[in-house]
Each structure stands twice: as structure tokens, then as C-alpha cells.
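These notes are about the structure you will find just below.
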Amino acid sequence: MKDSFFRSMTWMHTWVGLLVCWLLYLIFFAGTVSFFRDEITLWSKPALHDAHVPQERIGLQHQQIIAGVEYLKTVAPESNRWGIYLPSEREPWLIYAYEKPRPEGKRFGGWNDYYINPETGAPIQQPRETKGGNFFYRLHFDLHYIDVRTARWIVCFASLFMLVALISGVVIHKRIFKDMFSFRKNKGSRSWLDGHNVSSVLALPFHIMITYTGLITLIFMLFPYPAMTAYDNGVRGLFNDVLPTNVRTQSSAESAPLVAVETVLDQVYTNWPNADITQFAIRDPNTASATITVRAATGTQVRDQTPTLLFNGVDGSLMAKTRDELSATEVFYDSLTALHTGRLANPLLRWLYFLCGVAGCVMIATGCIMWAKRIRERMKKDQVPSFGLKLVEGLNLATLMGLPVATSAFFIANRLLPITTAERADKEILVFFVTWLAVALFALFKRAKQQWIMLAWVNCIACISISLVNALTTNGNLISYVLNSQWALFSFDLMCLISAVLFIVQAKKLRTQLHAPTAPFRANRAGKSNLREQNT
């Protein structure tokens with residue numbers, strides 16, 4: 001393959017990274033954004049902005065559940081499923097929900113949600129239809145518009161390539177700690193290499209953790225064979241054994257009264273004296289097969305499996321519960337899944353996750369640009385660029401600059417699309433992909449530095465427009481969020497303005513480079529120096 005081990009590893013690091021770097025950028029970008037998916041969903045639904053969690057949130061749960069069951073008995077006695085979703089710090093609203101009648105041939109009929117302000121007990125206007133932050137969460141591993149299983153296989157292969165690139169990058173990086181603090185600006189591809197090294201090394205533990213745990217979360221899709229050997233039902237049988245609360249009884253048409261809610265809650269608080277209940281769900285209410293599922297928050301525990309109790313809905317007996325003590329294997333899998341999702345994170349730790357995710361995006365972006373930059377520096381003055389170089393430069397522009405534009409368009413569409421638009425959430429997503437496609441087509445024909453400058457200004461205007469359009473179409477703005485202590489909404493608008501400033505800096509920096517006098521000798525020398533470094 002190559003003359004030495006290090007050259008072989010360098011070759012592998014370069015090509016393994018380059019082949020999937022644009023897909024990895026999408027995965028990292030969407031995953032980084034989704035660390036704040038609840039906050040983004042809150043911003044996307046202005047009707048919920050005035051909801052606040054009461055100080056005695058946990059103490060009110062008993063009353064909220066009883067009131068919710070009474071409400072659902074009245075409005076949806078024939079529904080197959082009821083759900084009561086209790087407020088939390090990140091989702092400060094109370095929801096009483098019931099399943100709509102199921103269309104013929106469908107497993108589910110969708111939900112009717114009734115929102116309540118938990119602080120006042122007053123109903124909240126039905127919020128606009130939107131996916132909010134959940135769109136980025138699902139995009140992170142489902143890729144949208146692709147069969148879910150196929151998409152997850154693609155993401156798994158990309159993650160495996162990422163893991164190989166990270167390990168090979170550590171192997172070939174002889175000065176890993178020294179280069180952590182080295183950045184030489186205005187040095188062509190040398191500067192891009194320094195940026196790549198700094199963003200890689202500073203957050204290296206996070207990059208390895210998030211990539212490895214991402215593969216672990218889908219391990220039963222990748223390697224289902226042990227479960228298929230041990231269980232008749234395969235992976236489903238394994239999960240039914242590990243999570244007995246997931247087992248569903250056969251639905252019955254025989255009517256039977258629902259057990260008193262107090263009977264169930266007494267047992268809940270016996271098992272969990274300080275329970276922070278997040279969900280109280282009833283399946284097949286008012287029938288002989290009724291079951292009640294109660295779920296509680298994991299808090300800051302490094303645990304992804306939700307503590308769950310399953311009750312008989314007729315006599316109130318406890319049918320199943322998640323184990324308090326997990327086996328060593330379960331702890332390993334569950335803790336790694338929890339580390340990947342970051343649901344355990346408090347606000348400070350969540351921001352650290354976010355910043356490390358941004359570092360991952362920078363690492364991937366600088367790697368993409370550095371490859372094209374080096375090829376350009378080695379070309380002769382009158383040499384025609386190859387198709388491969390044009391393709392890489394076009395994909396760089398379309399992905400690195402198009403994805404932020406599309407994201408801004410998604411948020412602007414959330415505010416500007418009429419509330420009554422049919423399938424409104426899908427229309428927002430369509431705006432995202434159409435905008436991204438438009439930038440990709442633009443990059444297909446024009447991908448020089450002028451186009452980078454142009455798209456930097458477009459991104460700047462788009463980021464400012466998010467805050468501006470939000471202020472014009474709702475009762476909130478940056479100042480009112482501070483006055484009302486709505487820090488999640490304030491942080492969203494602030495991040496938009498910070499992003500706009502960063503794009504301004506990028507545009508000005510690129511314009512300075514564009515008009516700077518050329519220095520062929522320095523560029524050629526830098527190219528030779530980089531080539532020599534790569535081969536050592």
C-alpha cells in the first residue's frame with residue numbers, strides 16, 4: 001500500500017475521512033443542535049412561551065394526574081390510549097392527550113393534545129404544528145426521506161469510518177500535545193491543518209466517546225445474531241426480557257371500570273417515595289385489558305433506561321417494573337447510551353456537549369477544506385482542476401455553507417408559514433431541504449472564494465432575520481426574554497446573533513484574502529513543506 005506504517009495510516013486517515021466527511025458533517029451538525037432539542041421546540045411554539053414550571057412542581061403531580069384522568073374520561077371515553085405528560089424544567093407545560101381513531105390499515109391514529117399552563121391551571125392555545133428540535137434529532141440518525149433502517153445502516157458505516165479516522169489520526173499525530181496550542185494564521189493549508197489539529201485534539205475524548213457510543217446505541221441492529229439465537233422473537237424477545245414493562249397484553253373488547261387513580265399513585269410513591277413522574281399513560285381504558293404505565297425521570301444519573309412501573313388498569317395490581325439494580329452488561333450498555341444522548345446533562349454540561357459538538361463540526365470542515373486546499377497549492381499555474389477536485393470543492397461549499405442557510409430557513413419558515421397550513425410541520429422540513437438543494441445547485445456551477453463570501457453574507461442576513469422575524473411575529477424579543485427570565489428563548493436568539501457575527505468575520509477575512517497580493521513562491525514553499533510533513 002505505502003512504504004511505511006505511518007504513511008499507510010496517513011493514507012487511510014485521509015481517504016477514510018474524505019469519503020464520508022460531508023455526511024459526517026450533517027450528522028455532527030444535527031446531533032449538536034439536538035442537544036438543545038427541547039429548547040428549540042419551545043422556541044418553535046410561541047403559544048407555550050408563557051408557560052412556567054411552578055415551584056412545587058413535584059408536589060402538584062398527584063393533583064395533575066387525577067385531573068387529567070377525569071378530563072380524558074369526559075372528552076375521550078372511547079379512545080384506545082390516554083396520556084398525561086407532566087411538566088419538567090425543559091418542557092414547562094402540562095399535556096392531556098388521547099389517541100385519535102385509527103384509520104383503516106394504520107397502527108396509530110395520531111394524538112389530540114390539550115395543553116395547560118401548570119402554574120395557573122389555565123388552558124393554553126393549541127400551538128402551531130411543528131417538529132421543532134425533534135426534526136434535527138431524527139435527522140441526526142434517520143436522515144429523512146430515506147427508509148429508517150437503510151438510513152441507520154448508512155449512519156453506522158459513516159460512524160465506523162469516523163472512528164477509524166480518529167484512531168488513525170491519533171497514531172499519525174506525533175506532536176499531538178504540542179499542536180494542541182499551535183495555530184499559525186495566514187499560512188495557507190498549514191493554517192487549515194492547525195485548525196484541524198486544535199479542534200480535533202481539544203475535544204478528542206468527546207469525539208471518540210460520541211462516535212463509539214453512537215455505534216453502541218444501534219448495536220442490536222448491527223449484531224442481532226446473539227439475540228436471534230437465544231430468543232424466539234429475536235431482538236424483540238431480548239428487550240421484552242430486559243424490559244418487562246414493554247410487554248403488551250392482548251386488547252379486549254370486554255368493558256371494565258378503570259381502577260381509582262389514587263390506588264395506583266399510592267403504589268407508585270411506595271416504590272418511589274421521591275418520584276419525579278414524567279408520564280402517566282393508560283392503554284385500553286375502561287376495558288378488561290387496561291394497563292397503566294408510570295414513568296419517572298432519571299435526573300442526572302448516567303442511565304438512559306427510564307424507571308417504569310406497569311399496573312393492571314382494572315384491579316391496580318403491579319404487573320411489572322424496571323429493575324433497580326442492573327447487571328454489569330446492562331449498566332455498560334445503558335450508561336453508554338446515556339452518555340451519547342446527553343439527557344443526563346445539567347445546563348452547564350449540556351453547553352459543554354454543544355461546544356464539543358461544534359469542535360467536531362470544525363474538525364470535519366477543516367479536514368474537507370484542507371484536502372482541496374493542498375491539491376490547489378500543488379497545481380501548476382495553468383493546470384486545469386480535475387473533476388475530483390471540483391466535486392470536493394462543490395460539496396464543501398454546498399454542505400459547510402448550505403446547511404446553516406437551510407437551518408435558518410427552517411426557523412424563519414416556522415414563523416412565516418400560516419398557522420392553518422395543512423401538514424405544516426412537513427412544509428417547514430420541505431423549506432429546509434429546498435433551500436439546501438438551491439445552495440447545492442449554486443455550488444455546482446460556482447465554488448470560488450467569491451461564492452464563499454456571498455454565502456457567508458447570506459448566512460449572516462439569515463441568522464439576523466430569525467431574531468427579527470421572531471420579534472415581529474410574536475410578543476417576544478431579546479430584551480423581553482431577559483426581563484421575563486426566559487433564558488432558553490434568550491439563548492436561542494443570542495446564538496443566532498453570535499452566528500451572524502461569526503459569518504461577518506468570515507466574510508471579511510475571505511475578502512481580505514481575496515484582495516491580498518499573490519505570493520507564488522511562498523505558496524509553493526508551503527505546499528512542499530506540508531507534503532514533507534505529511535510523509536514523515
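We name chains A, B, ... following the order of the C-alpha cells; residues begin at 1 in each chain, and ligands are numbered from 1 as shown.
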Could you pull out the residues in region 63-210 of chain A that DSSP calls helix (DSSP H, G or I) from the backbone, as an NGL selection string? :A and (63-75 or 133-142 or 148-172 or 179-181 or 189-202 or 204-210)
Would you write out, as JSON lines, a table of all residues in region 119-151 of chain A that have an atom no more than 6 Å from an atom of region 425-444 of chain A, listing for each the closest atom pair and the distance in Å to one decimal, considering only C-alpha atoms and ordering rows by chain and rising residue number?
{"residue": "A:Glu129", "atom": "CA", "partner": "A:Ala425", "partner_atom": "CA", "distance": 5.5}
{"residue": "A:Thr130", "atom": "CA", "partner": "A:Ala425", "partner_atom": "CA", "distance": 4.2}
{"residue": "A:Lys131", "atom": "CA", "partner": "A:Ala425", "partner_atom": "CA", "distance": 5.8}
Excluding Tyr333 (chain A) and its own-chain neighbours fewer than 2 positions away, which residues fall within 10 Å of it when counting only C-alpha atoms? Please give them as a short mmCIF file (atom, residue, chain, number, x, y, z; two decimals) with N, CA and C atoms, in the first residue's frame.
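File selection-v6.cif, as written:
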data_model
loop_
_atom_site.label_atom_id
_atom_site.label_comp_id
_atom_site.auth_asym_id
_atom_site.auth_seq_id
_atom_site.Cartn_x
_atom_site.Cartn_y
_atom_site.Cartn_z
N THR A 213 -20.12 5.53 21.23
CA THR A 213 -21.44 5.31 21.84
C THR A 213 -22.56 5.39 20.81
N ILE A 216 -22.81 2.04 19.60
CA ILE A 216 -23.39 1.17 20.64
C ILE A 216 -24.91 1.30 20.68
N THR A 217 -25.44 2.51 20.46
CA THR A 217 -26.90 2.68 20.51
C THR A 217 -27.61 1.85 19.45
N ILE A 219 -26.30 -1.11 18.28
CA ILE A 219 -25.56 -2.37 18.24
C ILE A 219 -26.46 -3.56 17.94
N ARG A 303 -27.87 7.10 33.24
CA ARG A 303 -28.78 5.99 32.93
C ARG A 303 -29.78 6.45 31.89
N ASP A 304 -29.96 5.65 30.85
CA ASP A 304 -30.89 6.01 29.79
C ASP A 304 -32.22 5.30 29.94
N GLN A 305 -32.22 4.12 30.57
CA GLN A 305 -33.45 3.36 30.76
C GLN A 305 -34.36 4.07 31.76
N ALA A 328 -24.10 -6.07 35.07
CA ALA A 328 -22.92 -5.36 34.57
C ALA A 328 -23.06 -5.04 33.07
N THR A 329 -23.60 -5.98 32.31
CA THR A 329 -23.79 -5.76 30.88
C THR A 329 -24.81 -4.68 30.62
N GLU A 330 -25.91 -4.70 31.37
CA GLU A 330 -26.95 -3.68 31.21
C GLU A 330 -26.44 -2.30 31.61
N VAL A 331 -25.65 -2.23 32.67
CA VAL A 331 -25.08 -0.96 33.09
C VAL A 331 -24.17 -0.41 32.00
N SER A 335 -25.39 2.95 30.27
CA SER A 335 -24.61 4.15 30.56
C SER A 335 -24.00 4.74 29.31
N LEU A 336 -23.56 3.90 28.37
CA LEU A 336 -23.01 4.41 27.12
C LEU A 336 -24.10 5.10 26.29
N THR A 337 -25.29 4.53 26.29
CA THR A 337 -26.40 5.17 25.59
C THR A 337 -26.73 6.52 26.21
N ALA A 338 -26.71 6.57 27.56
CA ALA A 338 -26.98 7.83 28.26
C ALA A 338 -25.93 8.88 27.95
#
Test item: residues at most 8 Å from Asn477 (chain A), only C-alpha atoms, excluding those fewer than 6 positions along its chain, as a list of chain:residue names: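 My list of contacting residues is A:Ser467, A:Asn470, A:Ala471, A:Phe490, A:Asp493.
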I need the chosen residues saved as a PDB file, in the first residue's frame, with N, CA and C atoms.
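That gives us selection17.pdb:
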ATOM      1  N   SER A 467     -34.049  36.306  14.412  1.00  0.00           N
ATOM      2  CA  SER A 467     -34.417  37.122  15.581  1.00  0.00           C
ATOM      3  C   SER A 467     -35.383  38.234  15.199  1.00  0.00           C
ATOM      4  N   ASN A 470     -38.846  36.779  14.431  1.00  0.00           N
ATOM      5  CA  ASN A 470     -39.433  36.350  15.694  1.00  0.00           C
ATOM      6  C   ASN A 470     -40.008  37.544  16.460  1.00  0.00           C
ATOM      7  N   ALA A 471     -39.258  38.645  16.506  1.00  0.00           N
ATOM      8  CA  ALA A 471     -39.722  39.837  17.230  1.00  0.00           C
ATOM      9  C   ALA A 471     -40.956  40.449  16.576  1.00  0.00           C
ATOM     10  N   PHE A 490     -33.963  33.360  25.274  1.00  0.00           N
ATOM     11  CA  PHE A 490     -32.898  34.353  25.149  1.00  0.00           C
ATOM     12  C   PHE A 490     -31.651  33.723  24.523  1.00  0.00           C
ATOM     13  N   ASP A 493     -32.045  33.234  20.641  1.00  0.00           N
ATOM     14  CA  ASP A 493     -31.847  34.468  19.873  1.00  0.00           C
ATOM     15  C   ASP A 493     -30.399  34.932  19.940  1.00  0.00           C
TER      16      ASP A 493
END
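For the choices A:Ile466, A:Ser44, A:Gly68, A:Phe35, the atom-to-atom distance to Pro347 (chain A) is smallest for A:Phe35 when using only C-alpha atoms.
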Close residues, Phe206 (chain A) itself excluded, 9 Å, only C-alpha atoms, min 5 positions apart in chain, as number ranges by chain: A: 211, 353, 356-357, 360
Could you write those residues out with N, CA and C atoms, as a short mmCIF file (atom, residue, chain, number, x, y, z; two decimals), in the first residue's frame?
data_model
loop_
_atom_site.label_atom_id
_atom_site.label_comp_id
_atom_site.auth_asym_id
_atom_site.auth_seq_id
_atom_site.Cartn_x
_atom_site.Cartn_y
_atom_site.Cartn_z
N THR A 211 -18.70 9.06 19.06
CA THR A 211 -18.70 8.17 17.89
C THR A 211 -18.90 6.72 18.31
N TYR A 353 -21.34 19.83 26.05
CA TYR A 353 -21.66 18.91 24.94
C TYR A 353 -21.77 19.69 23.64
N CYS A 356 -18.38 21.00 22.37
CA CYS A 356 -17.58 19.89 21.84
C CYS A 356 -18.15 19.43 20.49
N GLY A 357 -19.47 19.48 20.35
CA GLY A 357 -20.08 19.16 19.05
C GLY A 357 -19.68 20.16 17.98
N GLY A 360 -16.35 19.37 16.85
CA GLY A 360 -16.40 18.26 15.90
C GLY A 360 -16.76 18.73 14.50
#
Name the closest residue to Thr473 (chain A) among the candidates A:His340, A:Lys185, A:Arg81, A:Arg415; distances are taken between atoms, counting only C-alpha atoms.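 Closest to Thr473 (chain A), using only C-alpha atoms: A:Arg415.
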Strand (DSSP E) positions in region 303-525 of chain A, given as a list in words: Thr308, Leu309, Leu310, Phe311, Asn312, Leu318, Met319, Ala320 and Lys321 of chain A
Ranking A:Ser499, A:Gln61, A:Thr474, A:Gln513 by minimum distance to Ala296 (chain A) and counting only C-alpha atoms, which one comes first?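 With only C-alpha atoms as the atom set, the closest residue is A:Gln61.
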As a PyMOL selection string, please: the residues near region 364-377 of chain A (cut-off 7 Å, only C-alpha atoms, same-chain neighbours under 2 positions excluded). chain A and resi 18+21+25+189+192-193+195-196+360-362+379+389+392-393+396+400+523-524+527
Expected file: the selected residues, N, CA and C atoms, as an mmCIF file, in the first residue's frame:
data_model
loop_
_atom_site.group_PDB
_atom_site.id
_atom_site.type_symbol
_atom_site.label_atom_id
_atom_site.label_comp_id
_atom_site.auth_asym_id
_atom_site.auth_seq_id
_atom_site.Cartn_x
_atom_site.Cartn_y
_atom_site.Cartn_z
ATOM 1 N N LEU A 18 -12.233 11.567 4.097
ATOM 2 C CA LEU A 18 -12.762 12.329 2.964
ATOM 3 C C LEU A 18 -14.007 11.687 2.362
ATOM 4 N N CYS A 21 -16.961 12.618 4.759
ATOM 5 C CA CYS A 21 -16.879 13.820 5.601
ATOM 6 C C CYS A 21 -18.132 14.684 5.518
ATOM 7 N N TYR A 25 -20.486 15.560 8.579
ATOM 8 C CA TYR A 25 -20.760 16.953 8.976
ATOM 9 C C TYR A 25 -22.255 17.117 9.263
ATOM 10 N N SER A 189 -2.594 26.151 3.619
ATOM 11 C CA SER A 189 -3.067 24.862 4.134
ATOM 12 C C SER A 189 -2.483 24.542 5.506
ATOM 13 N N TRP A 192 -5.012 25.689 7.942
ATOM 14 C CA TRP A 192 -6.150 24.769 7.995
ATOM 15 C C TRP A 192 -5.781 23.498 8.756
ATOM 16 N N LEU A 193 -4.522 23.035 8.573
ATOM 17 C CA LEU A 193 -4.071 21.859 9.321
ATOM 18 C C LEU A 193 -4.028 22.151 10.813
ATOM 19 N N GLY A 195 -5.874 24.372 12.414
ATOM 20 C CA GLY A 195 -7.265 24.416 12.868
ATOM 21 C C GLY A 195 -7.846 23.025 13.021
ATOM 22 N N HIS A 196 -7.499 22.145 12.097
ATOM 23 C CA HIS A 196 -7.961 20.755 12.159
ATOM 24 C C HIS A 196 -7.403 20.070 13.402
ATOM 25 N N GLY A 360 -16.351 19.368 16.849
ATOM 26 C CA GLY A 360 -16.402 18.259 15.896
ATOM 27 C C GLY A 360 -16.755 18.731 14.500
ATOM 28 N N CYS A 361 -17.705 19.666 14.403
ATOM 29 C CA CYS A 361 -18.060 20.231 13.096
ATOM 30 C C CYS A 361 -16.871 20.961 12.478
ATOM 31 N N VAL A 362 -16.137 21.725 13.313
ATOM 32 C CA VAL A 362 -14.948 22.444 12.826
ATOM 33 C C VAL A 362 -13.889 21.450 12.362
ATOM 34 N N MET A 379 -0.945 22.438 -7.584
ATOM 35 C CA MET A 379 -1.215 22.548 -9.019
ATOM 36 C C MET A 379 -0.327 23.604 -9.664
ATOM 37 N N LEU A 389 -11.377 17.270 -7.785
ATOM 38 C CA LEU A 389 -11.168 18.499 -7.015
ATOM 39 C C LEU A 389 -12.393 19.399 -7.107
ATOM 40 N N VAL A 392 -15.120 17.919 -4.842
ATOM 41 C CA VAL A 392 -14.867 18.151 -3.420
ATOM 42 C C VAL A 392 -15.133 19.612 -3.065
ATOM 43 N N GLU A 393 -14.682 20.550 -3.878
ATOM 44 C CA GLU A 393 -14.899 21.970 -3.599
ATOM 45 C C GLU A 393 -16.384 22.314 -3.641
ATOM 46 N N ASN A 396 -17.969 20.850 -0.525
ATOM 47 C CA ASN A 396 -17.586 21.669 0.632
ATOM 48 C C ASN A 396 -18.476 22.900 0.750
ATOM 49 N N LEU A 400 -20.951 22.889 3.895
ATOM 50 C CA LEU A 400 -20.491 23.717 5.006
ATOM 51 C C LEU A 400 -21.220 25.050 5.078
ATOM 52 N N ALA A 523 3.533 30.275 -1.465
ATOM 53 C CA ALA A 523 2.508 29.229 -1.545
ATOM 54 C C ALA A 523 3.122 27.907 -1.945
ATOM 55 N N ASN A 524 4.063 27.961 -2.936
ATOM 56 C CA ASN A 524 4.693 26.740 -3.396
ATOM 57 C C ASN A 524 5.542 26.120 -2.299
ATOM 58 N N GLY A 527 3.348 24.490 0.215
ATOM 59 C CA GLY A 527 2.839 23.220 -0.273
ATOM 60 C C GLY A 527 3.866 22.116 -0.126
#
Which residues come within 9 Å of Leu243 (chain A), counting only C-alpha atoms, excluding same-chain residues fewer than 2 positions away, as a PyMOL selection string? chain A and resi 238-241+245-247+305+320-323
Between A:Phe280, A:Tyr96, A:Phe492, A:Tyr225, which is the closest to Tyr114 (chain A) once you count only C-alpha atoms? A:Tyr96
A:Ala260, A:Val171, A:Ala448, A:Ala409: which is nearest Leu397 (chain A), counting only C-alpha atoms? A:Ala448
Using only C-alpha atoms, the best pick from A:Leu139, A:Leu163, A:Leu514, A:Ala122 as closest to Ser34 (chain A) would be A:Leu139
